[in-house]
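Enquirer: I am sharing structure18.txt, which consists of compact mmCIF, N, CA and C atoms:
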```txt
# COMPACT_ATOMS: atom_id res chain seq x y z
N MET A 19 0.84 -1.19 0.00
CA MET A 19 0.00 0.00 0.00
C MET A 19 0.88 1.24 0.00
N LEU A 20 0.30 2.34 -0.38
CA LEU A 20 1.03 3.61 -0.33
C LEU A 20 1.06 4.08 1.11
N THR A 21 2.22 4.52 1.56
CA THR A 21 2.36 4.84 2.98
C THR A 21 2.53 6.32 3.26
N SER A 22 2.51 7.14 2.24
CA SER A 22 2.67 8.57 2.47
C SER A 22 1.89 9.36 1.42
N MET A 23 1.63 10.61 1.74
CA MET A 23 0.95 11.48 0.80
C MET A 23 1.83 11.72 -0.43
N ASP A 24 3.15 11.77 -0.24
CA ASP A 24 4.05 11.94 -1.38
C ASP A 24 3.92 10.78 -2.35
N ALA A 25 3.86 9.56 -1.84
CA ALA A 25 3.69 8.39 -2.70
C ALA A 25 2.33 8.43 -3.40
N TYR A 26 1.31 8.87 -2.69
CA TYR A 26 -0.03 9.00 -3.28
C TYR A 26 0.00 10.01 -4.43
N GLN A 27 0.67 11.14 -4.23
CA GLN A 27 0.81 12.13 -5.29
C GLN A 27 1.58 11.55 -6.48
N ASP A 28 2.64 10.79 -6.18
CA ASP A 28 3.41 10.14 -7.24
C ASP A 28 2.52 9.21 -8.07
N SER A 29 1.59 8.53 -7.41
CA SER A 29 0.72 7.60 -8.14
C SER A 29 -0.13 8.36 -9.16
N TYR A 30 -0.59 9.54 -8.80
CA TYR A 30 -1.38 10.34 -9.75
C TYR A 30 -0.50 10.86 -10.88
N ARG A 31 0.73 11.28 -10.58
CA ARG A 31 1.61 11.73 -11.65
C ARG A 31 1.91 10.59 -12.63
N TYR A 32 2.07 9.39 -12.09
CA TYR A 32 2.30 8.23 -12.94
C TYR A 32 1.08 7.97 -13.83
N ARG A 33 -0.09 8.01 -13.23
CA ARG A 33 -1.31 7.79 -14.01
C ARG A 33 -1.49 8.86 -15.09
N LEU A 34 -1.11 10.10 -14.78
CA LEU A 34 -1.18 11.17 -15.78
C LEU A 34 -0.28 10.88 -16.97
N THR A 35 0.75 10.11 -16.75
CA THR A 35 1.67 9.74 -17.82
C THR A 35 1.13 8.59 -18.65
N ILE A 36 0.67 7.51 -17.97
CA ILE A 36 0.34 6.31 -18.72
C ILE A 36 -1.09 6.25 -19.27
N GLU A 37 -2.05 6.77 -18.54
CA GLU A 37 -3.44 6.58 -18.99
C GLU A 37 -3.76 7.34 -20.29
N PRO A 38 -3.44 8.62 -20.40
CA PRO A 38 -3.72 9.28 -21.69
C PRO A 38 -2.90 8.67 -22.83
N ALA A 39 -1.67 8.25 -22.53
CA ALA A 39 -0.82 7.63 -23.56
C ALA A 39 -1.42 6.31 -24.04
N ALA A 40 -2.03 5.56 -23.15
CA ALA A 40 -2.60 4.26 -23.52
C ALA A 40 -3.67 4.40 -24.60
N ILE A 41 -4.43 5.48 -24.54
CA ILE A 41 -5.48 5.71 -25.53
C ILE A 41 -4.88 5.93 -26.92
N LEU A 42 -3.66 6.43 -26.96
CA LEU A 42 -3.01 6.74 -28.23
C LEU A 42 -2.09 5.62 -28.72
N GLU A 43 -2.05 4.51 -28.00
CA GLU A 43 -1.22 3.38 -28.39
C GLU A 43 -1.62 2.86 -29.78
N PRO A 44 -0.63 2.47 -30.59
CA PRO A 44 -0.95 1.96 -31.93
C PRO A 44 -1.81 0.69 -31.90
N GLY A 45 -1.71 -0.09 -30.82
CA GLY A 45 -2.50 -1.31 -30.72
C GLY A 45 -3.87 -1.12 -30.09
N PHE A 46 -4.26 0.13 -29.84
CA PHE A 46 -5.55 0.41 -29.20
C PHE A 46 -6.69 -0.11 -30.07
N VAL A 47 -7.54 -0.93 -29.46
CA VAL A 47 -8.74 -1.43 -30.12
C VAL A 47 -9.89 -1.27 -29.14
N LEU A 48 -10.86 -0.49 -29.53
CA LEU A 48 -11.99 -0.21 -28.65
C LEU A 48 -12.79 -1.48 -28.37
N ASP A 49 -12.97 -1.79 -27.10
CA ASP A 49 -13.86 -2.87 -26.68
C ASP A 49 -15.21 -2.22 -26.37
N ARG A 50 -16.02 -2.11 -27.39
CA ARG A 50 -17.29 -1.38 -27.29
C ARG A 50 -18.17 -1.92 -26.16
N ASP A 51 -18.28 -3.24 -26.06
CA ASP A 51 -19.14 -3.83 -25.02
C ASP A 51 -18.65 -3.46 -23.62
N ALA A 52 -17.35 -3.59 -23.38
CA ALA A 52 -16.80 -3.27 -22.06
C ALA A 52 -16.99 -1.79 -21.75
N LEU A 53 -16.73 -0.94 -22.74
CA LEU A 53 -16.86 0.50 -22.51
C LEU A 53 -18.31 0.91 -22.28
N GLU A 54 -19.23 0.32 -23.02
CA GLU A 54 -20.64 0.63 -22.79
C GLU A 54 -21.10 0.15 -21.42
N THR A 55 -20.55 -0.98 -20.96
CA THR A 55 -20.90 -1.49 -19.63
C THR A 55 -20.42 -0.54 -18.53
N VAL A 56 -19.15 -0.12 -18.59
CA VAL A 56 -18.66 0.77 -17.54
C VAL A 56 -19.28 2.16 -17.65
N ARG A 57 -19.63 2.57 -18.86
CA ARG A 57 -20.32 3.86 -19.02
C ARG A 57 -21.69 3.80 -18.35
N ALA A 58 -22.40 2.70 -18.54
CA ALA A 58 -23.72 2.54 -17.92
C ALA A 58 -23.61 2.54 -16.39
N GLN A 59 -22.56 1.93 -15.86
CA GLN A 59 -22.34 1.95 -14.41
C GLN A 59 -22.14 3.38 -13.93
N GLN A 60 -21.36 4.16 -14.67
CA GLN A 60 -21.12 5.56 -14.31
C GLN A 60 -22.41 6.37 -14.41
N GLN A 61 -23.24 6.07 -15.41
CA GLN A 61 -24.53 6.76 -15.56
C GLN A 61 -25.41 6.51 -14.34
N ARG A 62 -25.45 5.27 -13.86
CA ARG A 62 -26.26 4.96 -12.68
C ARG A 62 -25.75 5.73 -11.46
N LEU A 63 -24.45 5.88 -11.36
CA LEU A 63 -23.89 6.67 -10.25
C LEU A 63 -24.35 8.12 -10.34
N VAL A 64 -24.23 8.69 -11.52
CA VAL A 64 -24.65 10.08 -11.74
C VAL A 64 -26.14 10.25 -11.48
N ASP A 65 -26.92 9.23 -11.81
CA ASP A 65 -28.37 9.29 -11.64
C ASP A 65 -28.80 9.16 -10.18
N GLY A 66 -27.87 8.99 -9.26
CA GLY A 66 -28.22 9.00 -7.84
C GLY A 66 -27.65 7.86 -7.02
N ARG A 67 -27.23 6.81 -7.66
CA ARG A 67 -26.69 5.67 -6.90
C ARG A 67 -25.45 6.06 -6.10
N ILE A 68 -24.77 7.09 -6.53
CA ILE A 68 -23.55 7.53 -5.85
C ILE A 68 -23.80 7.89 -4.38
N HIS A 69 -25.04 8.24 -4.06
CA HIS A 69 -25.38 8.63 -2.69
C HIS A 69 -25.76 7.44 -1.81
N THR A 70 -25.83 6.24 -2.40
CA THR A 70 -26.27 5.08 -1.62
C THR A 70 -25.23 3.97 -1.51
N ILE A 71 -24.08 4.13 -2.15
CA ILE A 71 -23.06 3.08 -2.08
C ILE A 71 -21.90 3.52 -1.19
N GLY A 72 -21.14 2.56 -0.73
CA GLY A 72 -20.00 2.84 0.14
C GLY A 72 -18.77 3.26 -0.65
N ASN A 73 -17.78 3.75 0.09
CA ASN A 73 -16.54 4.21 -0.54
C ASN A 73 -15.84 3.09 -1.32
N ALA A 74 -15.82 1.89 -0.75
CA ALA A 74 -15.12 0.78 -1.41
C ALA A 74 -15.78 0.45 -2.74
N GLN A 75 -17.08 0.41 -2.77
CA GLN A 75 -17.79 0.08 -4.01
C GLN A 75 -17.60 1.19 -5.05
N LEU A 76 -17.64 2.44 -4.60
CA LEU A 76 -17.42 3.56 -5.51
C LEU A 76 -16.01 3.49 -6.11
N TYR A 77 -15.04 3.22 -5.26
CA TYR A 77 -13.66 3.10 -5.74
C TYR A 77 -13.56 1.98 -6.78
N ASP A 78 -14.18 0.85 -6.50
CA ASP A 78 -14.12 -0.29 -7.42
C ASP A 78 -14.76 0.04 -8.77
N LEU A 79 -15.90 0.70 -8.75
CA LEU A 79 -16.56 1.06 -10.01
C LEU A 79 -15.72 2.04 -10.83
N ASN A 80 -15.13 3.01 -10.15
CA ASN A 80 -14.30 3.99 -10.85
C ASN A 80 -13.02 3.34 -11.37
N SER A 81 -12.44 2.44 -10.59
CA SER A 81 -11.24 1.72 -11.04
C SER A 81 -11.56 0.86 -12.26
N ARG A 82 -12.72 0.22 -12.23
CA ARG A 82 -13.14 -0.60 -13.38
C ARG A 82 -13.23 0.23 -14.65
N PHE A 83 -13.73 1.46 -14.50
CA PHE A 83 -13.81 2.33 -15.67
C PHE A 83 -12.42 2.56 -16.26
N HIS A 84 -11.49 3.00 -15.41
CA HIS A 84 -10.14 3.31 -15.89
C HIS A 84 -9.45 2.06 -16.44
N GLU A 85 -9.66 0.92 -15.81
CA GLU A 85 -9.04 -0.31 -16.28
C GLU A 85 -9.64 -0.78 -17.61
N ALA A 86 -10.93 -0.54 -17.82
CA ALA A 86 -11.55 -0.90 -19.10
C ALA A 86 -10.98 -0.06 -20.24
N VAL A 87 -10.77 1.21 -19.98
CA VAL A 87 -10.15 2.07 -20.99
C VAL A 87 -8.72 1.59 -21.26
N MET A 88 -7.99 1.33 -20.19
CA MET A 88 -6.60 0.90 -20.32
C MET A 88 -6.51 -0.42 -21.08
N ALA A 89 -7.43 -1.33 -20.83
CA ALA A 89 -7.39 -2.64 -21.49
C ALA A 89 -7.48 -2.51 -23.01
N CYS A 90 -8.14 -1.46 -23.49
CA CYS A 90 -8.25 -1.26 -24.94
C CYS A 90 -6.89 -0.97 -25.58
N SER A 91 -5.92 -0.55 -24.80
CA SER A 91 -4.59 -0.25 -25.34
C SER A 91 -3.89 -1.50 -25.85
N ASN A 92 -4.28 -2.65 -25.30
CA ASN A 92 -3.64 -3.92 -25.63
C ASN A 92 -2.15 -3.91 -25.31
N ASN A 93 -1.73 -3.02 -24.42
CA ASN A 93 -0.35 -2.97 -23.97
C ASN A 93 -0.32 -3.59 -22.57
N THR A 94 0.21 -4.79 -22.47
CA THR A 94 0.16 -5.51 -21.19
C THR A 94 0.91 -4.79 -20.08
N PHE A 95 1.94 -4.02 -20.43
CA PHE A 95 2.66 -3.28 -19.41
C PHE A 95 1.80 -2.17 -18.82
N PHE A 96 1.09 -1.44 -19.68
CA PHE A 96 0.18 -0.40 -19.20
C PHE A 96 -0.94 -1.00 -18.34
N ILE A 97 -1.52 -2.07 -18.84
CA ILE A 97 -2.65 -2.69 -18.14
C ILE A 97 -2.23 -3.18 -16.76
N ASP A 98 -1.13 -3.92 -16.71
CA ASP A 98 -0.65 -4.46 -15.45
C ASP A 98 -0.23 -3.36 -14.48
N SER A 99 0.42 -2.33 -14.99
CA SER A 99 0.89 -1.27 -14.08
C SER A 99 -0.28 -0.49 -13.48
N LEU A 100 -1.34 -0.25 -14.26
CA LEU A 100 -2.49 0.46 -13.69
C LEU A 100 -3.14 -0.40 -12.60
N ARG A 101 -3.28 -1.68 -12.85
CA ARG A 101 -3.86 -2.56 -11.82
C ARG A 101 -3.04 -2.53 -10.54
N ARG A 102 -1.73 -2.55 -10.68
CA ARG A 102 -0.85 -2.50 -9.50
C ARG A 102 -1.01 -1.18 -8.74
N VAL A 103 -1.02 -0.09 -9.48
CA VAL A 103 -1.19 1.23 -8.84
C VAL A 103 -2.54 1.30 -8.15
N ASP A 104 -3.58 0.78 -8.79
CA ASP A 104 -4.91 0.79 -8.18
C ASP A 104 -4.91 0.00 -6.87
N ARG A 105 -4.25 -1.14 -6.86
CA ARG A 105 -4.19 -1.93 -5.61
C ARG A 105 -3.45 -1.17 -4.52
N LEU A 106 -2.39 -0.47 -4.87
CA LEU A 106 -1.63 0.29 -3.89
C LEU A 106 -2.42 1.48 -3.35
N ARG A 107 -3.22 2.09 -4.20
CA ARG A 107 -3.99 3.29 -3.80
C ARG A 107 -5.23 2.96 -2.99
N ARG A 108 -5.67 1.74 -3.04
CA ARG A 108 -6.97 1.34 -2.48
C ARG A 108 -7.20 1.85 -1.05
N LEU A 109 -6.30 1.60 -0.14
CA LEU A 109 -6.51 1.96 1.26
C LEU A 109 -6.65 3.47 1.45
N ILE A 110 -5.78 4.23 0.81
CA ILE A 110 -5.87 5.69 0.92
C ILE A 110 -7.18 6.18 0.30
N GLU A 111 -7.54 5.61 -0.84
CA GLU A 111 -8.77 6.03 -1.51
C GLU A 111 -10.00 5.78 -0.65
N TYR A 112 -10.03 4.66 0.05
CA TYR A 112 -11.17 4.37 0.91
C TYR A 112 -11.33 5.45 1.97
N ARG A 113 -10.23 6.01 2.43
CA ARG A 113 -10.28 7.02 3.48
C ARG A 113 -10.42 8.45 2.94
N ARG A 114 -10.03 8.67 1.69
CA ARG A 114 -9.98 10.03 1.14
C ARG A 114 -10.96 10.22 -0.01
N SER A 115 -12.10 9.62 0.05
CA SER A 115 -13.03 9.75 -1.07
C SER A 115 -13.49 11.19 -1.23
N LEU A 116 -13.84 11.53 -2.45
CA LEU A 116 -14.37 12.87 -2.74
C LEU A 116 -15.77 13.01 -2.14
N GLN A 117 -16.15 14.25 -1.88
CA GLN A 117 -17.54 14.49 -1.51
C GLN A 117 -18.40 13.95 -2.64
N ARG A 118 -19.56 13.44 -2.30
CA ARG A 118 -20.38 12.74 -3.29
C ARG A 118 -20.78 13.62 -4.46
N ASP A 119 -21.03 14.90 -4.24
CA ASP A 119 -21.38 15.77 -5.37
C ASP A 119 -20.19 15.93 -6.31
N ARG A 120 -18.98 16.03 -5.75
CA ARG A 120 -17.76 16.11 -6.58
C ARG A 120 -17.54 14.78 -7.29
N ALA A 121 -17.78 13.68 -6.58
CA ALA A 121 -17.61 12.36 -7.17
C ALA A 121 -18.57 12.17 -8.35
N ALA A 122 -19.78 12.67 -8.22
CA ALA A 122 -20.74 12.58 -9.33
C ALA A 122 -20.23 13.33 -10.55
N LEU A 123 -19.62 14.48 -10.33
CA LEU A 123 -19.02 15.24 -11.43
C LEU A 123 -17.93 14.42 -12.10
N ARG A 124 -17.11 13.74 -11.31
CA ARG A 124 -16.03 12.91 -11.87
C ARG A 124 -16.61 11.73 -12.66
N CYS A 125 -17.72 11.18 -12.20
CA CYS A 125 -18.37 10.09 -12.95
C CYS A 125 -18.91 10.61 -14.28
N ALA A 126 -19.44 11.83 -14.27
CA ALA A 126 -19.90 12.44 -15.52
C ALA A 126 -18.72 12.64 -16.47
N GLU A 127 -17.56 12.97 -15.93
CA GLU A 127 -16.36 13.09 -16.77
C GLU A 127 -15.99 11.73 -17.36
N HIS A 128 -16.13 10.67 -16.57
CA HIS A 128 -15.89 9.32 -17.10
C HIS A 128 -16.81 9.06 -18.29
N MET A 129 -18.07 9.45 -18.15
CA MET A 129 -19.02 9.24 -19.24
C MET A 129 -18.59 10.01 -20.49
N ARG A 130 -18.09 11.20 -20.31
CA ARG A 130 -17.62 12.01 -21.44
C ARG A 130 -16.44 11.33 -22.14
N ILE A 131 -15.52 10.79 -21.36
CA ILE A 131 -14.38 10.06 -21.93
C ILE A 131 -14.89 8.87 -22.73
N ALA A 132 -15.82 8.12 -22.16
CA ALA A 132 -16.39 6.96 -22.87
C ALA A 132 -17.07 7.40 -24.16
N ASP A 133 -17.83 8.48 -24.09
CA ASP A 133 -18.53 8.97 -25.28
C ASP A 133 -17.54 9.35 -26.39
N LEU A 134 -16.45 10.00 -26.01
CA LEU A 134 -15.44 10.36 -27.01
C LEU A 134 -14.82 9.12 -27.64
N LEU A 135 -14.51 8.14 -26.80
CA LEU A 135 -13.93 6.90 -27.33
C LEU A 135 -14.92 6.17 -28.23
N LEU A 136 -16.16 6.09 -27.80
CA LEU A 136 -17.18 5.41 -28.60
C LEU A 136 -17.41 6.10 -29.94
N ALA A 137 -17.15 7.41 -29.98
CA ALA A 137 -17.29 8.18 -31.22
C ALA A 137 -16.01 8.14 -32.06
N GLY A 138 -14.98 7.41 -31.59
CA GLY A 138 -13.74 7.30 -32.34
C GLY A 138 -12.82 8.49 -32.22
N LYS A 139 -13.05 9.32 -31.20
CA LYS A 139 -12.25 10.54 -31.01
C LYS A 139 -11.17 10.30 -29.95
N ARG A 140 -10.19 9.47 -30.30
CA ARG A 140 -9.16 9.06 -29.34
C ARG A 140 -8.30 10.22 -28.85
N ALA A 141 -7.88 11.09 -29.72
CA ALA A 141 -7.02 12.21 -29.31
C ALA A 141 -7.76 13.11 -28.31
N GLU A 142 -9.03 13.38 -28.59
CA GLU A 142 -9.82 14.20 -27.66
C GLU A 142 -10.04 13.48 -26.34
N ALA A 143 -10.28 12.18 -26.41
CA ALA A 143 -10.48 11.39 -25.19
C ALA A 143 -9.21 11.39 -24.35
N SER A 144 -8.06 11.25 -24.99
CA SER A 144 -6.79 11.27 -24.28
C SER A 144 -6.58 12.61 -23.58
N ALA A 145 -6.83 13.71 -24.28
CA ALA A 145 -6.67 15.04 -23.69
C ALA A 145 -7.65 15.25 -22.54
N TYR A 146 -8.88 14.80 -22.72
CA TYR A 146 -9.89 14.96 -21.67
C TYR A 146 -9.54 14.11 -20.45
N LEU A 147 -9.01 12.91 -20.68
CA LEU A 147 -8.60 12.05 -19.57
C LEU A 147 -7.46 12.71 -18.79
N ARG A 148 -6.52 13.33 -19.49
CA ARG A 148 -5.43 14.03 -18.82
C ARG A 148 -6.00 15.15 -17.94
N LYS A 149 -6.93 15.92 -18.47
CA LYS A 149 -7.55 17.01 -17.71
C LYS A 149 -8.29 16.44 -16.49
N HIS A 150 -9.01 15.35 -16.69
CA HIS A 150 -9.75 14.69 -15.61
C HIS A 150 -8.80 14.25 -14.49
N LEU A 151 -7.76 13.51 -14.85
CA LEU A 151 -6.82 13.02 -13.83
C LEU A 151 -6.09 14.16 -13.13
N SER A 152 -5.78 15.19 -13.85
CA SER A 152 -5.09 16.34 -13.26
C SER A 152 -5.96 17.01 -12.20
N SER A 153 -7.23 17.22 -12.51
CA SER A 153 -8.11 17.89 -11.55
C SER A 153 -8.44 16.99 -10.36
N VAL A 154 -8.61 15.69 -10.60
CA VAL A 154 -8.86 14.76 -9.49
C VAL A 154 -7.64 14.71 -8.58
N SER A 155 -6.47 14.67 -9.19
CA SER A 155 -5.23 14.65 -8.42
C SER A 155 -5.12 15.88 -7.52
N GLN A 156 -5.42 17.03 -8.07
CA GLN A 156 -5.35 18.26 -7.28
C GLN A 156 -6.33 18.22 -6.12
N GLU A 157 -7.53 17.74 -6.36
CA GLU A 157 -8.52 17.65 -5.29
C GLU A 157 -8.10 16.69 -4.19
N LYS A 158 -7.64 15.52 -4.59
CA LYS A 158 -7.38 14.46 -3.62
C LYS A 158 -6.04 14.58 -2.91
N THR A 159 -5.09 15.29 -3.51
CA THR A 159 -3.78 15.37 -2.88
C THR A 159 -3.53 16.71 -2.20
N ARG A 160 -4.49 17.58 -2.28
CA ARG A 160 -4.37 18.87 -1.61
C ARG A 160 -4.26 18.63 -0.12
N ARG A 161 -3.22 19.13 0.47
CA ARG A 161 -3.04 18.97 1.92
C ARG A 161 -3.96 19.94 2.65
N ARG A 162 -4.61 19.43 3.64
CA ARG A 162 -5.51 20.28 4.42
C ARG A 162 -4.70 21.11 5.40
N VAL A 163 -5.08 22.36 5.57
CA VAL A 163 -4.40 23.24 6.50
C VAL A 163 -4.55 22.66 7.90
N GLY A 164 -3.41 22.60 8.61
CA GLY A 164 -3.44 22.11 9.98
C GLY A 164 -3.31 20.61 10.12
N THR A 165 -3.06 19.90 9.01
CA THR A 165 -2.90 18.45 9.10
C THR A 165 -1.50 18.09 8.61
N ALA A 166 -1.06 16.95 9.02
CA ALA A 166 0.27 16.48 8.63
C ALA A 166 0.18 15.44 7.53
N GLU A 167 -0.92 15.42 6.79
CA GLU A 167 -1.11 14.40 5.74
C GLU A 167 0.00 14.47 4.80
```
Could you express the structure from this file as structure tokens?
Expert:
Amino acid sequence: MLTSMDAYQDSYRYRLTIEPAAILEPGFVLDRDALETVRAQQQRLVDGRIHTIGNAQLYDLNSRFHEAVMACSNNTFFIDSLRRVDRLRRLIEYRRSLQRDRAALRCAEHMRIADLLLAGKRAEASAYLRKHLSSVSQEKTRRRVGTAE
């Protein structure tokens, strides 16, 4: 597991490097069924389910979204490394979840990424994913005043 806020921040910087790049991989092949499935899960969250599930389940659904996108890259190194990072982040994420209204916004961003990919707009999806991860990283790694996180 990640044992410090610095390591947690590093995990987001790493994801900012690999996830948008994975969408642009030459071997990228859209798995339409998988992407439509995770998009539908995100839609249910946005439609209100986000207020009735626990942090662990929310984390798992969001991780599944990112892993489904990554799997389309067909790059085993990218796929395996994201899964490893997700496992390492799990404990911190359970404790540091976003406020549910903010989390719903992030789920809507996931839907936008899926929509771009489903429309064949990989470059736009990659750029939007970078923007998404950057803003989530800033929210989740911001140190609170008066804490030693």
Enquirer: Of the residues A:Arg107, A:Arg67, A:Arg140, A:Arg130, which is the one nearest to Ala39 (chain A), using only C-alpha atoms?
Expert: A:Arg140
Enquirer: DSSP on the backbone, helix (DSSP H, G or I) only: what residues of region 65-160 of chain A does that give? Format it as JSON, numbers by chain.
Expert: {"A": [67, 68, 69, 73, 74, 75, 76, 77, 78, 79, 80, 81, 82, 83, 84, 85, 86, 87, 88, 89, 94, 95, 96, 97, 98, 99, 100, 101, 102, 103, 104, 105, 106, 107, 108, 109, 110, 111, 112, 113, 118, 119, 120, 121, 122, 123, 124, 125, 126, 127, 128, 129, 130, 131, 132, 133, 134, 135, 136, 140, 141, 142, 143, 144, 145, 146, 147, 148, 149, 150, 151, 152, 153, 154, 155, 156, 157, 158, 159]}
Enquirer: Neighbourhood query: residues within 10 Å of (-12.3, 2.2, -14.2), file coordinates, counting only C-alpha atoms; return as a PyMOL selection string.
Expert: chain A and resi 53+56-57+60+77-88+100-101+104+128
Enquirer: Quick one: residues within 9 Å of region 141-146 of chain A, only C-alpha atoms counted, chain neighbours fewer than 6 positions away excluded, as an MDAnalysis selection string?
Expert: chainID A and resid 37:42 127 130:135
Enquirer: Could you turn the residues from that selection into a file that holds N, CA and C atoms, as a CSV table (one decimal), in the coordinates of the input?
Expert:
```
chain,number,residue,atom,x,y,z
A,37,GLU,N,-2.0,6.8,-18.5
A,37,GLU,CA,-3.4,6.6,-19.0
A,37,GLU,C,-3.8,7.3,-20.3
A,38,PRO,N,-3.4,8.6,-20.4
A,38,PRO,CA,-3.7,9.3,-21.7
A,38,PRO,C,-2.9,8.7,-22.8
A,39,ALA,N,-1.7,8.2,-22.5
A,39,ALA,CA,-0.8,7.6,-23.6
A,39,ALA,C,-1.4,6.3,-24.0
A,40,ALA,N,-2.0,5.6,-23.2
A,40,ALA,CA,-2.6,4.3,-23.5
A,40,ALA,C,-3.7,4.4,-24.6
A,41,ILE,N,-4.4,5.5,-24.5
A,41,ILE,CA,-5.5,5.7,-25.5
A,41,ILE,C,-4.9,5.9,-26.9
A,42,LEU,N,-3.7,6.4,-27.0
A,42,LEU,CA,-3.0,6.7,-28.2
A,42,LEU,C,-2.1,5.6,-28.7
A,127,GLU,N,-17.6,13.0,-15.9
A,127,GLU,CA,-16.4,13.1,-16.8
A,127,GLU,C,-16.0,11.7,-17.4
A,130,ARG,N,-18.1,11.2,-20.3
A,130,ARG,CA,-17.6,12.0,-21.4
A,130,ARG,C,-16.4,11.3,-22.1
A,131,ILE,N,-15.5,10.8,-21.4
A,131,ILE,CA,-14.4,10.1,-21.9
A,131,ILE,C,-14.9,8.9,-22.7
A,132,ALA,N,-15.8,8.1,-22.2
A,132,ALA,CA,-16.4,7.0,-22.9
A,132,ALA,C,-17.1,7.4,-24.2
A,133,ASP,N,-17.8,8.5,-24.1
A,133,ASP,CA,-18.5,9.0,-25.3
A,133,ASP,C,-17.5,9.4,-26.4
A,134,LEU,N,-16.4,10.0,-26.0
A,134,LEU,CA,-15.4,10.4,-27.0
A,134,LEU,C,-14.8,9.1,-27.6
A,135,LEU,N,-14.5,8.1,-26.8
A,135,LEU,CA,-13.9,6.9,-27.3
A,135,LEU,C,-14.9,6.2,-28.2
```
